[in-house]
Structures are given as C-alpha cells and as structure tokens.
There are 2 protein chains.
Amino acid sequence: MSQSQSQPRNTQPETSLMSRLTALCKRRGFIYPASEIYGGLNGFWDFGPLGVLLKNNLRDAWWRDMVLCPPLGPDGEPLSIVGIDTSIIQHPKTWEASGHVGGFSDPMQTCRKCKKLFRADHIEDMLGDAEWVKSFADAMKVGAAGTLQLGGFLTGQTPFDGVAARQWAQKQGKKAAPGLALVRNPAVTLSWIDEDMRADPAKTFSFMDLLRYVATEQKNVTGLQTPCPNCGGDLTEPRQFNLMFESRVGAVEADDDSGKVYLRPETAQGIFLQYKNVLDTSRVRPPFGIAQVGKSFRNEVTPRNFIFRTREFEQMEMEFFVPPEDGMKWYEFWAAERMRWWKDMGLSEANLFRHEIGDGDRAFYSAATADIEYKYPFTAPNFGELEGVAYRTDYDLKQHQTFSKTNLEYIDQENSRRYLPHVIEPAAGLTRGVLALLCEAYQYDESRASPEWLKLKPSLAPTKIGIFPLVNKDGMPEIAEKLYLDLRRTYTCQYDAKQSIGKRYARMDEAGTPFCITVDGETAKDNAVTIRDRDTAQQERVALDQVRAYVAKKLTD
Amino acid sequence: MSQSQSQPRNTQPETSLMSRLTALCKRRGFIYPASEIYGGLNGFWDFGPLGVLLKNNLRDAWWRDMVLCPPLGPDGEPLSIVGIDTSIIQHPKTWEASGHVGGFSDPMQTCRKCKKLFRADHIEDMLGDAEWVKSFADAMKVGAAGTLQLGGFLTGQTPFDGVAARQWAQKQGKKAAPGLALVRNPAVTLSWIDEDMRADPAKTFSFMDLLRYVATEQKNVTGLQTPCPNCGGDLTEPRQFNLMFESRVGAVEADDDSGKVYLRPETAQGIFLQYKNVLDTSRVRPPFGIAQVGKSFRNEVTPRNFIFRTREFEQMEMEFFVPPEDGMKWYEFWAAERMRWWKDMGLSEANLFRHEIGDGDRAFYSAATADIEYKYPFTAPNFGELEGVAYRTDYDLKQHQTFSKTNLEYIDQENSRRYLPHVIEPAAGLTRGVLALLCEAYQYDESRASPEWLKLKPSLAPTKIGIFPLVNKDGMPEIAEKLYLDLRRTYTCQYDAKQSIGKRYARMDEAGTPFCITVDGETAKDNAVTIRDRDTAQQERVALDQVRAYVAKKLTD
C-alpha cells in the first residue's frame, strides 16, 4: 500500500517519504546524525535547535498530564501520581532481579568469513536489501519474491541457468560476495546442487532457498547454510547476545569484574527500586503512580528506521501500583487513557492501533498487554510500537523483594492486610513519539511556497510565532522588535527580517510554526498586524493589544 | 568557622548541617541514595518526588533564560542562543580530539595491603577523617593539627610516647590499621624511628609526618611512606586513572577494542560536534550560543559530599561563539551575567564568590576562567565550584577540525573573511545547583512547628500551594477540592486533609511550599480563604476569585 493512500495530501510516492522527512529534519535542524563530522555512529542521533524544542514540548505535555495534573480516575477523583528521576547506572543486582541479565538478549550470528555479526531474525530482511543478492537475482533473472525450479539445471533441463550462475560467480560475485560458496568454489557447489536436485526435478524453490543452496559447499556435512548479508560467507549458529551496555564503576583493574555495571535498558526498574522510599516519604497509597522521563540504552544489533530503533533513546514510563484485585480494571483504564492521550497530541485515529498482545506472545508474568502502535511510513500498511501498556502483576516488586531481601509489601491499615501491589505500566517512547509526531505532521503540497511543511499541533510546535517586519525599514523593525521582546517572554518566537515575506512564511511552514505576525506599513497608523495561520495560509488583521489573547486562544483550541 | 556565623538563623552547630540536610532530603522525598535496597552504589543518587520537581524548575529556569528568552547583550539587543540535545555516547574520536582520552585523569594510588584505590590528592583529607588515625592521635595525645618532637623518644627524652605507640599498635591498631608498619612490626619500626630521630632531637614534626614515620618499615629502602586511609598499609606510586566510563557499542567480542566508546564526561563536546550543522541550518552567526542540559558521567575515585561530587550528574552548558577579537568582552559579560543569574535563583551574595583562576592554574588553552563558587556547609568558610565560565579560545573547534578533517570555519561574508570563532563557555552544574539551593534554603528555627524548613524562592519551590480543608467535613472538603482541581491546572498543588492544620503547615514548610490555602467554616459564607505565607507564617484572608491573582503576583515578585 502506498503512503499516498493513507495520506492523500502527499502527492509524492511512499518510497521516499522517510528519506524526505530525514532530509527535512537535517536541513531545518530537527535531527542530525550524532558525531557526523567523525562519520557518525550507527544508532545515535542528536536533536538540533528545533528538534529539542519539539521533544521538550512532548516531554512536558506528558509530565503535565501524568505528574502535575494527572487525569481523573474512574471515580471522578484526580489520580495520585508523583514524579521521580533515578540514575541511569544502578546496582548490578537490579538487572539480575529484573531478568535483564539473563533474558534481555537477541539471537546473534557471526559470519565466519567477514566476522560481522547479525541479529538472526533480521537476516532475511537484510538479504533482501543486500547489493550482492540483488545482483545475483538479476543474473538469475528472478525477483526476490519469485520461485523457480532447480532440478537438474546443470544439464539445462530447468529454468535455472547454471552457466549464468557460474559466470556471475566468476565476475560480479567475486567482488560483491567473496565469501559465498558459489564464488569460492563454483565447480563443487554447482555440481552437488545439480546432483542433489536431480532427484526431484519438479520441486520448486523460493529465491531465499536458492540463496541457501549457493551458500552451501558441503551440504552433507553442514546442511543448508544461510549466507552472510555482507559477504555471502557462512554464519555461525545463533547465540544469545545481551543488549545491555556494560561499563565499570570505581577504580578497578580492567580484568576485575567486581565493578561491572549496566546502562539501564529501561527507566522502569529505577522506579521499582525506589517504590518503598516513595511510599514511606510521600503521602501516597495504592492506587498511585510513579512517573519518570529519561534516557535508556540498548545495544541494538541493527539500529534502523531513522530514530525508531536507536541505541540511545528516551522513555516516558509510569508504574501504577494498585491493589491486586483491581489490576484488570486499571489496565483497561490506562490502555484507553494512553490511546486518548496520543490522539490529543495530534496523531490521527486512522494511524493509531491498539494491538492486544495474545496469551502466547506476552511476557510470562504479564496478565495483559496492549501495544499502542502507529502507522509509520516504514511499517505501513502495518503498524509499529509507540507505547506499551502492560499489566505486570507483582512480578517486579516480587523479584526485587527476593533479590534485595527487603520487604516491599504495602501495609493496608484500613483493611488490616499487607500485599505487594500489582502494577500497570504505560511505557511510552519519547524519541519514537517525536518520530510519530513528525510523520503525522509531514505534509506535501506543491501549491504552497514550501511544498513540504509540518502540521504540528500548535501547542507542540517548536516555535510558536514568527515575527516579521514586512520591509526592514520605515519604522517597521522597531515595532516588530518591540512585539518580539514582549511575546518571547511567554512564547517561543523567531524574529526574521530577511528575504521576501513569502520565503519567510515558507521557512516557518517547514518548521511547523503555527502563527506568523507581520508588521507592515499600516501598523504604525492602525496599531494592528496581520497574523497568518499556517494551516489555512489565511491572514487576519489583529490589533496589537489583542495579539496575546489571539495566540493564547488558538493554542488552547 | 562555624556555620552559624555565616548563617546565624541556624542555631545548630555546623558539624551536623549536612547530615541534617541529607536526612531531610531523604525523609521528604527530595533525594534518595540510588539502589538503596541493594545497599546503594557509591556516587549515585536518585531524585524523589519533591527533588525532581525542584531540579526541573531549576533546569527550566536556566533553559528559559538561555534559550527561550536569552538576556539582552551589551548593545541592548537580545542575544541569539539556540538549544540542542546531543547523545551521551559519541564517536570515540571526539574524546581524543577534546583531550579527554589523553588527559582527563586523576593520579591514583593503590594500597598494597587492602588493594583499595585512592585519589592521590585526596589521601591527606581522608587520613584526617580515618577512624584509625583518630584513634592513634588520641593515643598520642595530639590533635590532628598538632606538632610534636620525635627525637629519641624510645629513651624517654621527648614528648612522643613510644610505649603508648607500641601499646596502641598491639591493641587498637591491630584491628583499626592492620596494614600499618607500626602494627605489623612495631619493634623494627619504632627502633629505626628512634635511631633516625636521635640525630636531631629538637626537630618538630606535624602529625601527618608522624603518620608517615609509623607507616614506614624500612626507610632506607622505601623512603617515607604515606599510609592507606583504610588499613594503614603502604601505597603504590601514583599512576594516572582516566575518569571516563567506558563501554562497547555494537555486537563485538569482549576482547575486541573496535567498539570502545565513552560516556560523555561533559555535555560541551556534543555542542562542538554539531556547531557546523547548527550554523548551516539555523539563522545564527557569531556572536551566538548553543545551549544544552543533560547528564554527564565521571568515574570519580572518591565521590563525596552528598550530591556535590557524584559519578552521574547533570550539567547546563552553553557555548557562545564570537569573533576572535571580541573574546574578552564576552567573557566579562558572561561571568557577570551568570553571577547575576545565580543570585536571581535565590543564592545570597555572601555565599557566592567569583574566583578568577590565575594564569598558572588555567587549562593551557584558556585565556581566562572564572569559577562561580558557593559557600557549601562542607567547604565553609571556603567556597566550592558551582559553575565555571571559561574563555576557551578556538581550542575545541581547532581540535575537532584537525581530527575530523572538516573545515569548521565561519564564513563572514560581510567582512570578507573566514575564521574559527572563539568560545565562551558558562558551564553550570544542575545537580550542584540543586545542592546549593537546598543549602541556601535550609532554615532552622526552634520556635516553628517544623524547626527545619526550606526557604526556597517561590518560583523554584517543588510544590507551590498546599490546599487544606480546615476540618474534613461540613462542606469544606468539597470547596477545597474544587479549588484544588482549578489551581492544579496552573500550579503544582498538594491537597492534604489529614492531621491538625499545624502539622499540615509544618509538612509544607519542610517541603518549601510557599503558600498554604485553608478552607474554613467561614468560606462557605464569605467566599474567602486564608493564605498562609511560608516565610512570615502570616495569614491573609483572600476572596476565592482573587486567589489566582494573589498567587501569580507573589510568584513574580
């Protein structure tokens, strides 16, 4: 499905939407590759001047709606939620208790030829993208999705062209896939394939199967091999690779494991570690929440899709502690509330999907989990994760209670009982949230001065107001600067006196700025300015002393 | 000098001020030790519900005054400063260029007996605090600052009591300082000291010298030894220990150095890496600034003084890029402006000190540096660093230009020249700023319901308003809750209906809440409430429809 079907306003083809968005983000200072002057660092991105404002606005909206002014609960009373900010580095036992040391890993395979490592479940996708595979597919005259018959091809009985395969191996393959069995030893590889296939000449194979055949030199010894996406070489068996970044704390020798620590892979565990302190020092009791925004780190094997899967990212997580018998009720509350919230941030209903995770696919301790998914351009027509709402039962508190030998029970004096609260966790990605906002906001309209523009919700837009003197003389700059100095105390403003007014509008549209105020030749006489609306491109004449009220009203609409 | 001299309102002695403040911070949920249920992790602290609000308020004040609404420059025009948010992990070449790989290290000494490591320049201080040293000083009947004569003491000719030393070594010393030469081999140690000292019976020694003598078994072989603060054993020669936390990125084998990265020890370098991108994508030109708030990490050998020296902390750094010839002018501007800002945050003039770093003590590339120092309780009567304002010349850009082979010059078209801008860096500690605010705010007054209370600047206080029904019946809770639901949309409020009104005031005073609003029996009739001022404990009757205006005015006073 092309992107234009779900977003008909974009007249350009889907394939380039992410690259256009990435380019816009770089060009306008939303997001840059980290360490770009040193060639970049895979999986790390920096937020530029506009990006950090957008990200802070989303962060602050979450914090306001979670901590400063939490929603009303099912009974109409405001919920009790407090904030916290815990360290990225915690005692290493934390991650034993949480299960991350033992279980937070991906299956990895190494290429025996070029030594590269790959996440096992990403290899087929990566083969689909690999240049050498495309080159081989061309030589075989087959698309990646095609099937073909292999049997007896060396004698010319089938559509598979052994001569072309050998030619490719000796020419393009030598450079593109030096590790591939077919390239290293075409005679042996082709002859055993021929022999092996003769037995069943009518059998059909997918192209992926063919890749496995040509990657295998001695099938009797090794079985079919999956080729390395980089060089075509053979891969080791999958082994588990832990995704936590490791470091060492304290002045310890390099070979001493006693100081080993991890960068947190999620902010949630810091909340569980301090749950008892919060209970003892704040006036909270179940049901109550503890919320945190902060960085987490995962040593992803294959970071990709712009800022969707990065190695350093920000989360907005809240753990909501409830009496065990109320778990499902609060799970339903939070799954619905979080979906509502993302819509309130400007994501359209059509691009959001509540994905109820089935019994077999949830973590073993979770009684229910719903992913709130967004239709990113690179997942469309499917959806990708934006937030997870998990009913984690009392798993985490129980684990930390056991590992720390600290009683973490809540003493419910009213009901003369003690219990470990159950936990509902709405865990959102701040970095992914910014990506979803940008994808949603991206507009393409060739009839505008800037065909690309960002239709961000005004309260989230990095810059709220552009302020321009129509021309840079005749007293206009003085009035515009005065207005700027006043408005910037409340709103993020950008003063711009350069180039034509149309170009200035276009710049603001690209930045997603909802309002542009122009001081013109009439202003000195009528004490009024024009305010242009980003979305409609319509202008209104507004009295100078009404500008604040006008903007304030529009921002709360 | 006792703390009470500089802060006469605190009637309690200085020695316990930090421990009382630390206890208050824990008790009221400002700051907890990280991973406390696992025994803590030295040098790591978590911010609790009140602490994170206070920290965010300081962070947001800095961001507002730097990025959203920067100050006016010397010419009366608002300065041009943009924000950024760069990754904690950057390309490792970053830290070669910045000099951190080669030079960001402390001299370390290891104890050959107990294997502990110490920062060489902290050892004397730590000896002064060590229990075994105090015990030995008692046995020698000498204060830590005392001097004494040693010569010929074994024959009883001097004040030094060799018999007492031997007794101490065989009794208390055995347990307290098992590694000390005097303890391990008192006969030899005392006899060579005696022999060595006989030569000059009138010579006087500091107690620290005495410690070195009793730590030395064979002076002819080793020279005088400094004892280990932990066990009294002998220490290795100092060697350099790099303070950067290391990690590895990507799926690399444990013994493969190719993926080695560092956690940033300062946020500044991320700004230099993106300086060119900002220049190319934002409408800025020198003089302009790039500001960033974020975490940094330093593997401090001896973290101490609560959150003053921690291993994970937050910085608020701004790099201000100027034409080379204007460097000193802007240095003066920022040193003065930053001092003004900290006063505006509520730090008193008497507790702030601008420490001009002399020529010999600055980094070699810095043309001028001023530390803005605060009189912390643990440094008083001296001052400790809060912010550094450094004129770094073009050192950083030049280094990155060389290491990245990327031209980082600014092309000044107006003046037909190109140059590397010079940089002024006001680099403040957010974590240290919170500590300074807490130290400044801490009040002790036994005449109040809560003798300990926090006189925080109202706009920085974690909770702005406490809202109480005088009694939890007779319609008062309904009015109070309605008021709470209205005010919490704008201000951080706490609703509290428990215990006596005096206890509720006391709780709010401890939290630094500037205003307490009480709904009483009259409210239903006169539509008014009492508002109590934290600092004066005075109450005013204010009409319900005037409450917002009252609070808004007080917060901007």
# chains A, B, ... in the order shown; residues from 1 in each chain; ligands from 1
$ closest_atom_pairs --of "chain A" --to "chain B" --cutoff "6 Å" --atoms "only C-alpha atoms" --output "JSON lines"
{"residue": "A:Arg27", "atom": "CA", "partner": "B:Thr281", "partner_atom": "CA", "distance": 5.7}
{"residue": "A:Arg28", "atom": "CA", "partner": "B:Thr281", "partner_atom": "CA", "distance": 5.4}
{"residue": "A:Gly29", "atom": "CA", "partner": "B:Thr281", "partner_atom": "CA", "distance": 5.5}
{"residue": "A:Ser35", "atom": "CA", "partner": "B:His91", "partner_atom": "CA", "distance": 5.7}
{"residue": "A:Ile37", "atom": "CA", "partner": "B:Ser404", "partner_atom": "CA", "distance": 5.9}
{"residue": "A:Tyr38", "atom": "CA", "partner": "B:Ser404", "partner_atom": "CA", "distance": 5.5}
{"residue": "A:Leu41", "atom": "CA", "partner": "B:His91", "partner_atom": "CA", "distance": 5.8}
{"residue": "A:Asp46", "atom": "CA", "partner": "B:Thr86", "partner_atom": "CA", "distance": 4.3}
{"residue": "A:Phe47", "atom": "CA", "partner": "B:Asp85", "partner_atom": "CA", "distance": 4.9}
{"residue": "A:Gly48", "atom": "CA", "partner": "B:Ile84", "partner_atom": "CA", "distance": 4.9}
{"residue": "A:Pro49", "atom": "CA", "partner": "B:Gly83", "partner_atom": "CA", "distance": 4.9}
{"residue": "A:Val52", "atom": "CA", "partner": "B:Ile84", "partner_atom": "CA", "distance": 5.7}
{"residue": "A:Leu68", "atom": "CA", "partner": "B:Thr492", "partner_atom": "CA", "distance": 5.9}
{"residue": "A:Val82", "atom": "CA", "partner": "B:Pro49", "partner_atom": "CA", "distance": 5.6}
{"residue": "A:Gly83", "atom": "CA", "partner": "B:Pro49", "partner_atom": "CA", "distance": 4.9}
{"residue": "A:Ile84", "atom": "CA", "partner": "B:Gly48", "partner_atom": "CA", "distance": 4.9}
{"residue": "A:Asp85", "atom": "CA", "partner": "B:Phe47", "partner_atom": "CA", "distance": 4.9}
{"residue": "A:Thr86", "atom": "CA", "partner": "B:Asp46", "partner_atom": "CA", "distance": 4.3}
{"residue": "A:Ser87", "atom": "CA", "partner": "B:Asp46", "partner_atom": "CA", "distance": 5.8}
{"residue": "A:Gln90", "atom": "CA", "partner": "B:Ser35", "partner_atom": "CA", "distance": 5.8}
{"residue": "A:His91", "atom": "CA", "partner": "B:Ser35", "partner_atom": "CA", "distance": 5.7}
{"residue": "A:Glu246", "atom": "CA", "partner": "B:Ser247", "partner_atom": "CA", "distance": 5.6}
{"residue": "A:Ser247", "atom": "CA", "partner": "B:Ser247", "partner_atom": "CA", "distance": 5.0}
{"residue": "A:Thr281", "atom": "CA", "partner": "B:Arg28", "partner_atom": "CA", "distance": 5.4}
{"residue": "A:Ser404", "atom": "CA", "partner": "B:Tyr38", "partner_atom": "CA", "distance": 5.5}
{"residue": "A:Thr492", "atom": "CA", "partner": "B:Leu68", "partner_atom": "CA", "distance": 5.9}
$ select_by_dssp --residues "range 24-245 of chain A" --states "alpha helix (DSSP H)" --output "PyMOL selection string"
chain A and resi 24-27+49-63+93-97+100-103+123-129+131-139+162-170+172-176+181-184+186-198+207-214+219-222
$ residues_around --residues "Ala368 in chain A" --least-positions-apart "3" --cutoff "10 Å" --atoms "only C-alpha atoms" --output "ChimeraX atom specification"
/A:327-328,331-332,356-359,362-363,365,389-393,424
$ write_last_selection --atoms "N, CA, C and O atoms" --output "short mmCIF file (atom, residue, chain, number, x, y, z; two decimals), in the first residue's frame"
data_model
loop_
_atom_site.label_atom_id
_atom_site.label_comp_id
_atom_site.auth_asym_id
_atom_site.auth_seq_id
_atom_site.Cartn_x
_atom_site.Cartn_y
_atom_site.Cartn_z
N GLY A 327 -6.35 -4.99 39.34
CA GLY A 327 -5.40 -4.92 38.24
C GLY A 327 -6.04 -4.75 36.87
O GLY A 327 -5.69 -3.83 36.12
N MET A 328 -6.99 -5.62 36.54
CA MET A 328 -7.56 -5.56 35.19
C MET A 328 -8.33 -4.27 34.95
O MET A 328 -8.31 -3.71 33.85
N TYR A 331 -5.78 -1.69 34.21
CA TYR A 331 -5.18 -1.96 32.89
C TYR A 331 -6.06 -1.38 31.79
O TYR A 331 -5.58 -0.68 30.89
N GLU A 332 -7.34 -1.64 31.90
CA GLU A 332 -8.27 -1.13 30.89
C GLU A 332 -8.28 0.40 30.90
O GLU A 332 -8.30 1.05 29.85
N GLU A 356 -3.73 -5.76 21.00
CA GLU A 356 -3.81 -6.58 22.22
C GLU A 356 -2.90 -7.79 22.03
O GLU A 356 -3.05 -8.56 21.08
N ILE A 357 -1.91 -7.91 22.90
CA ILE A 357 -0.94 -9.00 22.74
C ILE A 357 -1.56 -10.29 23.27
O ILE A 357 -2.06 -10.34 24.40
N GLY A 358 -1.52 -11.32 22.45
CA GLY A 358 -2.16 -12.59 22.81
C GLY A 358 -1.44 -13.32 23.93
O GLY A 358 -0.29 -13.01 24.27
N ASP A 359 -2.13 -14.33 24.48
CA ASP A 359 -1.60 -15.08 25.63
C ASP A 359 -0.21 -15.65 25.36
O ASP A 359 0.66 -15.59 26.21
N ARG A 362 2.85 -12.70 25.20
CA ARG A 362 3.21 -11.79 26.28
C ARG A 362 4.36 -12.36 27.11
O ARG A 362 4.62 -13.56 27.10
N ALA A 363 5.03 -11.46 27.87
CA ALA A 363 5.96 -11.93 28.88
C ALA A 363 5.19 -12.83 29.84
O ALA A 363 3.99 -12.61 30.09
N TYR A 365 4.99 -13.18 32.92
CA TYR A 365 4.40 -12.63 34.14
C TYR A 365 3.28 -11.65 33.86
O TYR A 365 2.61 -11.18 34.76
N VAL A 389 1.37 -0.76 27.05
CA VAL A 389 0.68 -0.70 28.34
C VAL A 389 0.60 -2.13 28.86
O VAL A 389 -0.07 -2.97 28.28
N ALA A 390 1.35 -2.40 29.93
CA ALA A 390 1.47 -3.79 30.39
C ALA A 390 0.96 -3.92 31.82
O ALA A 390 1.30 -3.12 32.69
N TYR A 391 0.16 -4.92 32.03
CA TYR A 391 -0.24 -5.29 33.39
C TYR A 391 0.80 -6.30 33.85
O TYR A 391 0.78 -7.46 33.47
N ARG A 392 1.74 -5.83 34.68
CA ARG A 392 2.92 -6.64 35.03
C ARG A 392 2.71 -7.44 36.29
O ARG A 392 3.68 -8.00 36.83
N THR A 393 1.49 -7.47 36.81
CA THR A 393 1.19 -8.13 38.11
C THR A 393 2.18 -7.63 39.17
O THR A 393 2.59 -6.48 39.15
N ILE A 424 0.46 -1.58 36.76
CA ILE A 424 0.15 -1.30 35.35
C ILE A 424 1.20 -0.32 34.86
O ILE A 424 1.45 0.70 35.50
#
$ atom_distance --atom1 "CA of Gly179 in chain B" --atom2 "CA of Glu131 in chain B"
14.0 Å
$ residues_around --residues "His355 in chain B" --least-positions-apart "2" --cutoff "8 Å" --atoms "only C-alpha atoms" --output "JSON list (two decimals) with all heavy atoms, in the first residue's frame"
[["chain", "number", "residue", "atom", "x", "y", "z"],
["B", 353, "PHE", "N", 30.92, 33.59, 45.28],
["B", 353, "PHE", "CA", 32.25, 34.14, 45.14],
["B", 353, "PHE", "C", 32.73, 33.92, 43.71],
["B", 353, "PHE", "O", 32.62, 32.82, 43.18],
["B", 353, "PHE", "CB", 33.20, 33.45, 46.14],
["B", 353, "PHE", "CG", 34.63, 33.87, 46.02],
["B", 353, "PHE", "CD1", 35.01, 35.19, 46.29],
["B", 353, "PHE", "CD2", 35.61, 32.96, 45.65],
["B", 353, "PHE", "CE1", 36.33, 35.59, 46.19],
["B", 353, "PHE", "CE2", 36.94, 33.35, 45.55],
["B", 353, "PHE", "CZ", 37.30, 34.67, 45.81],
["B", 357, "ILE", "N", 40.55, 32.44, 38.03],
["B", 357, "ILE", "CA", 41.62, 31.44, 38.03],
["B", 357, "ILE", "C", 42.89, 32.07, 37.46],
["B", 357, "ILE", "O", 42.86, 32.64, 36.37],
["B", 357, "ILE", "CB", 41.22, 30.21, 37.20],
["B", 357, "ILE", "CG1", 39.84, 29.68, 37.62],
["B", 357, "ILE", "CG2", 42.28, 29.12, 37.32],
["B", 357, "ILE", "CD1", 39.76, 29.13, 39.00],
["B", 370, "ALA", "N", 36.73, 32.02, 35.12],
["B", 370, "ALA", "CA", 36.22, 32.40, 36.44],
["B", 370, "ALA", "C", 35.33, 31.29, 36.94],
["B", 370, "ALA", "O", 34.43, 30.85, 36.23],
["B", 370, "ALA", "CB", 35.43, 33.70, 36.36],
["B", 371, "ASP", "N", 35.61, 30.80, 38.14],
["B", 371, "ASP", "CA", 34.69, 29.86, 38.76],
["B", 371, "ASP", "C", 33.69, 30.66, 39.59],
["B", 371, "ASP", "O", 34.08, 31.57, 40.34],
["B", 371, "ASP", "CB", 35.44, 28.88, 39.67],
["B", 371, "ASP", "CG", 36.05, 27.74, 38.87],
["B", 371, "ASP", "OD1", 35.81, 27.67, 37.65],
["B", 371, "ASP", "OD2", 36.78, 26.92, 39.46],
["B", 372, "ILE", "N", 32.42, 30.33, 39.44],
["B", 372, "ILE", "CA", 31.42, 30.89, 40.35],
["B", 372, "ILE", "C", 31.26, 29.87, 41.46],
["B", 372, "ILE", "O", 30.87, 28.73, 41.22],
["B", 372, "ILE", "CB", 30.09, 31.15, 39.62],
["B", 372, "ILE", "CG1", 30.33, 32.24, 38.56],
["B", 372, "ILE", "CG2", 29.00, 31.55, 40.60],
["B", 372, "ILE", "CD1", 29.12, 32.53, 37.70],
["B", 373, "GLU", "N", 31.65, 30.28, 42.66],
["B", 373, "GLU", "CA", 31.72, 29.32, 43.77],
["B", 373, "GLU", "C", 30.66, 29.64, 44.82],
["B", 373, "GLU", "O", 30.25, 30.78, 44.99],
["B", 373, "GLU", "CB", 33.11, 29.35, 44.40],
["B", 373, "GLU", "CG", 34.19, 28.95, 43.38],
["B", 373, "GLU", "CD", 35.58, 28.85, 44.00],
["B", 373, "GLU", "OE1", 35.82, 29.54, 45.02],
["B", 373, "GLU", "OE2", 36.39, 28.10, 43.47]]
$ residues_around --residues "Ala215 in chain A" --least-positions-apart "2" --cutoff "7 Å" --atoms "only C-alpha atoms" --output "PyMOL selection string"
chain A and resi 180-182+211-213+217+225-227+232+234
$ atom_distance --atom1 "CA of Leu454 in chain A" --atom2 "CA of Ala350 in chain A"
18.3 Å
$ decode --residues "range 290-308 of chain A" --atoms "N, CA and C atoms" --output "PDB file, in the first residue's frame"
ATOM      1  N   ILE A 290       4.074   6.309  39.938  1.00  0.00           N
ATOM      2  CA  ILE A 290       5.375   6.981  39.950  1.00  0.00           C
ATOM      3  C   ILE A 290       5.818   7.080  38.485  1.00  0.00           C
ATOM      4  N   ALA A 291       6.121   8.302  38.072  1.00  0.00           N
ATOM      5  CA  ALA A 291       6.402   8.550  36.654  1.00  0.00           C
ATOM      6  C   ALA A 291       7.825   9.040  36.469  1.00  0.00           C
ATOM      7  N   GLN A 292       8.416   8.699  35.355  1.00  0.00           N
ATOM      8  CA  GLN A 292       9.799   9.102  35.085  1.00  0.00           C
ATOM      9  C   GLN A 292      10.033   9.285  33.588  1.00  0.00           C
ATOM     10  N   VAL A 293      10.792  10.314  33.254  1.00  0.00           N
ATOM     11  CA  VAL A 293      11.247  10.525  31.878  1.00  0.00           C
ATOM     12  C   VAL A 293      12.761  10.434  31.885  1.00  0.00           C
ATOM     13  N   GLY A 294      13.333   9.714  30.969  1.00  0.00           N
ATOM     14  CA  GLY A 294      14.786   9.697  30.948  1.00  0.00           C
ATOM     15  C   GLY A 294      15.343   8.803  29.860  1.00  0.00           C
ATOM     16  N   LYS A 295      16.673   8.851  29.759  1.00  0.00           N
ATOM     17  CA  LYS A 295      17.353   8.096  28.715  1.00  0.00           C
ATOM     18  C   LYS A 295      17.483   6.634  29.081  1.00  0.00           C
ATOM     19  N   SER A 296      17.391   5.786  28.084  1.00  0.00           N
ATOM     20  CA  SER A 296      17.725   4.377  28.224  1.00  0.00           C
ATOM     21  C   SER A 296      18.618   3.989  27.061  1.00  0.00           C
ATOM     22  N   PHE A 297      19.265   2.854  27.210  1.00  0.00           N
ATOM     23  CA  PHE A 297      20.279   2.425  26.248  1.00  0.00           C
ATOM     24  C   PHE A 297      20.076   0.951  25.910  1.00  0.00           C
ATOM     25  N   ARG A 298      20.075   0.645  24.639  1.00  0.00           N
ATOM     26  CA  ARG A 298      20.050  -0.761  24.219  1.00  0.00           C
ATOM     27  C   ARG A 298      21.018  -0.922  23.061  1.00  0.00           C
ATOM     28  N   ASN A 299      21.904  -1.865  23.222  1.00  0.00           N
ATOM     29  CA  ASN A 299      22.938  -2.081  22.215  1.00  0.00           C
ATOM     30  C   ASN A 299      22.347  -2.865  21.046  1.00  0.00           C
ATOM     31  N   GLU A 300      21.395  -2.232  20.352  1.00  0.00           N
ATOM     32  CA  GLU A 300      20.700  -2.881  19.248  1.00  0.00           C
ATOM     33  C   GLU A 300      21.714  -3.362  18.217  1.00  0.00           C
ATOM     34  N   VAL A 301      21.489  -4.569  17.715  1.00  0.00           N
ATOM     35  CA  VAL A 301      22.419  -5.105  16.720  1.00  0.00           C
ATOM     36  C   VAL A 301      22.235  -4.390  15.391  1.00  0.00           C
ATOM     37  N   THR A 302      20.995  -4.113  15.038  1.00  0.00           N
ATOM     38  CA  THR A 302      20.742  -3.456  13.762  1.00  0.00           C
ATOM     39  C   THR A 302      19.791  -2.273  13.962  1.00  0.00           C
ATOM     40  N   PRO A 303      20.366  -1.132  14.427  1.00  0.00           N
ATOM     41  CA  PRO A 303      19.530   0.068  14.556  1.00  0.00           C
ATOM     42  C   PRO A 303      19.024   0.459  13.177  1.00  0.00           C
ATOM     43  N   ARG A 304      17.787   0.947  13.106  1.00  0.00           N
ATOM     44  CA  ARG A 304      17.327   1.390  11.783  1.00  0.00           C
ATOM     45  C   ARG A 304      16.044   2.206  11.851  1.00  0.00           C
ATOM     46  N   ASN A 305      15.624   2.620  10.668  1.00  0.00           N
ATOM     47  CA  ASN A 305      14.427   3.444  10.522  1.00  0.00           C
ATOM     48  C   ASN A 305      14.550   4.750  11.294  1.00  0.00           C
ATOM     49  N   PHE A 306      15.587   5.509  10.951  1.00  0.00           N
ATOM     50  CA  PHE A 306      15.771   6.868  11.489  1.00  0.00           C
ATOM     51  C   PHE A 306      15.813   6.766  13.021  1.00  0.00           C
ATOM     52  N   ILE A 307      14.976   7.501  13.736  1.00  0.00           N
ATOM     53  CA  ILE A 307      15.049   7.445  15.205  1.00  0.00           C
ATOM     54  C   ILE A 307      14.070   6.434  15.804  1.00  0.00           C
ATOM     55  N   PHE A 308      13.616   5.468  14.984  1.00  0.00           N
ATOM     56  CA  PHE A 308      12.676   4.469  15.515  1.00  0.00           C
ATOM     57  C   PHE A 308      13.400   3.456  16.402  1.00  0.00           C
TER      58      PHE A 308
END
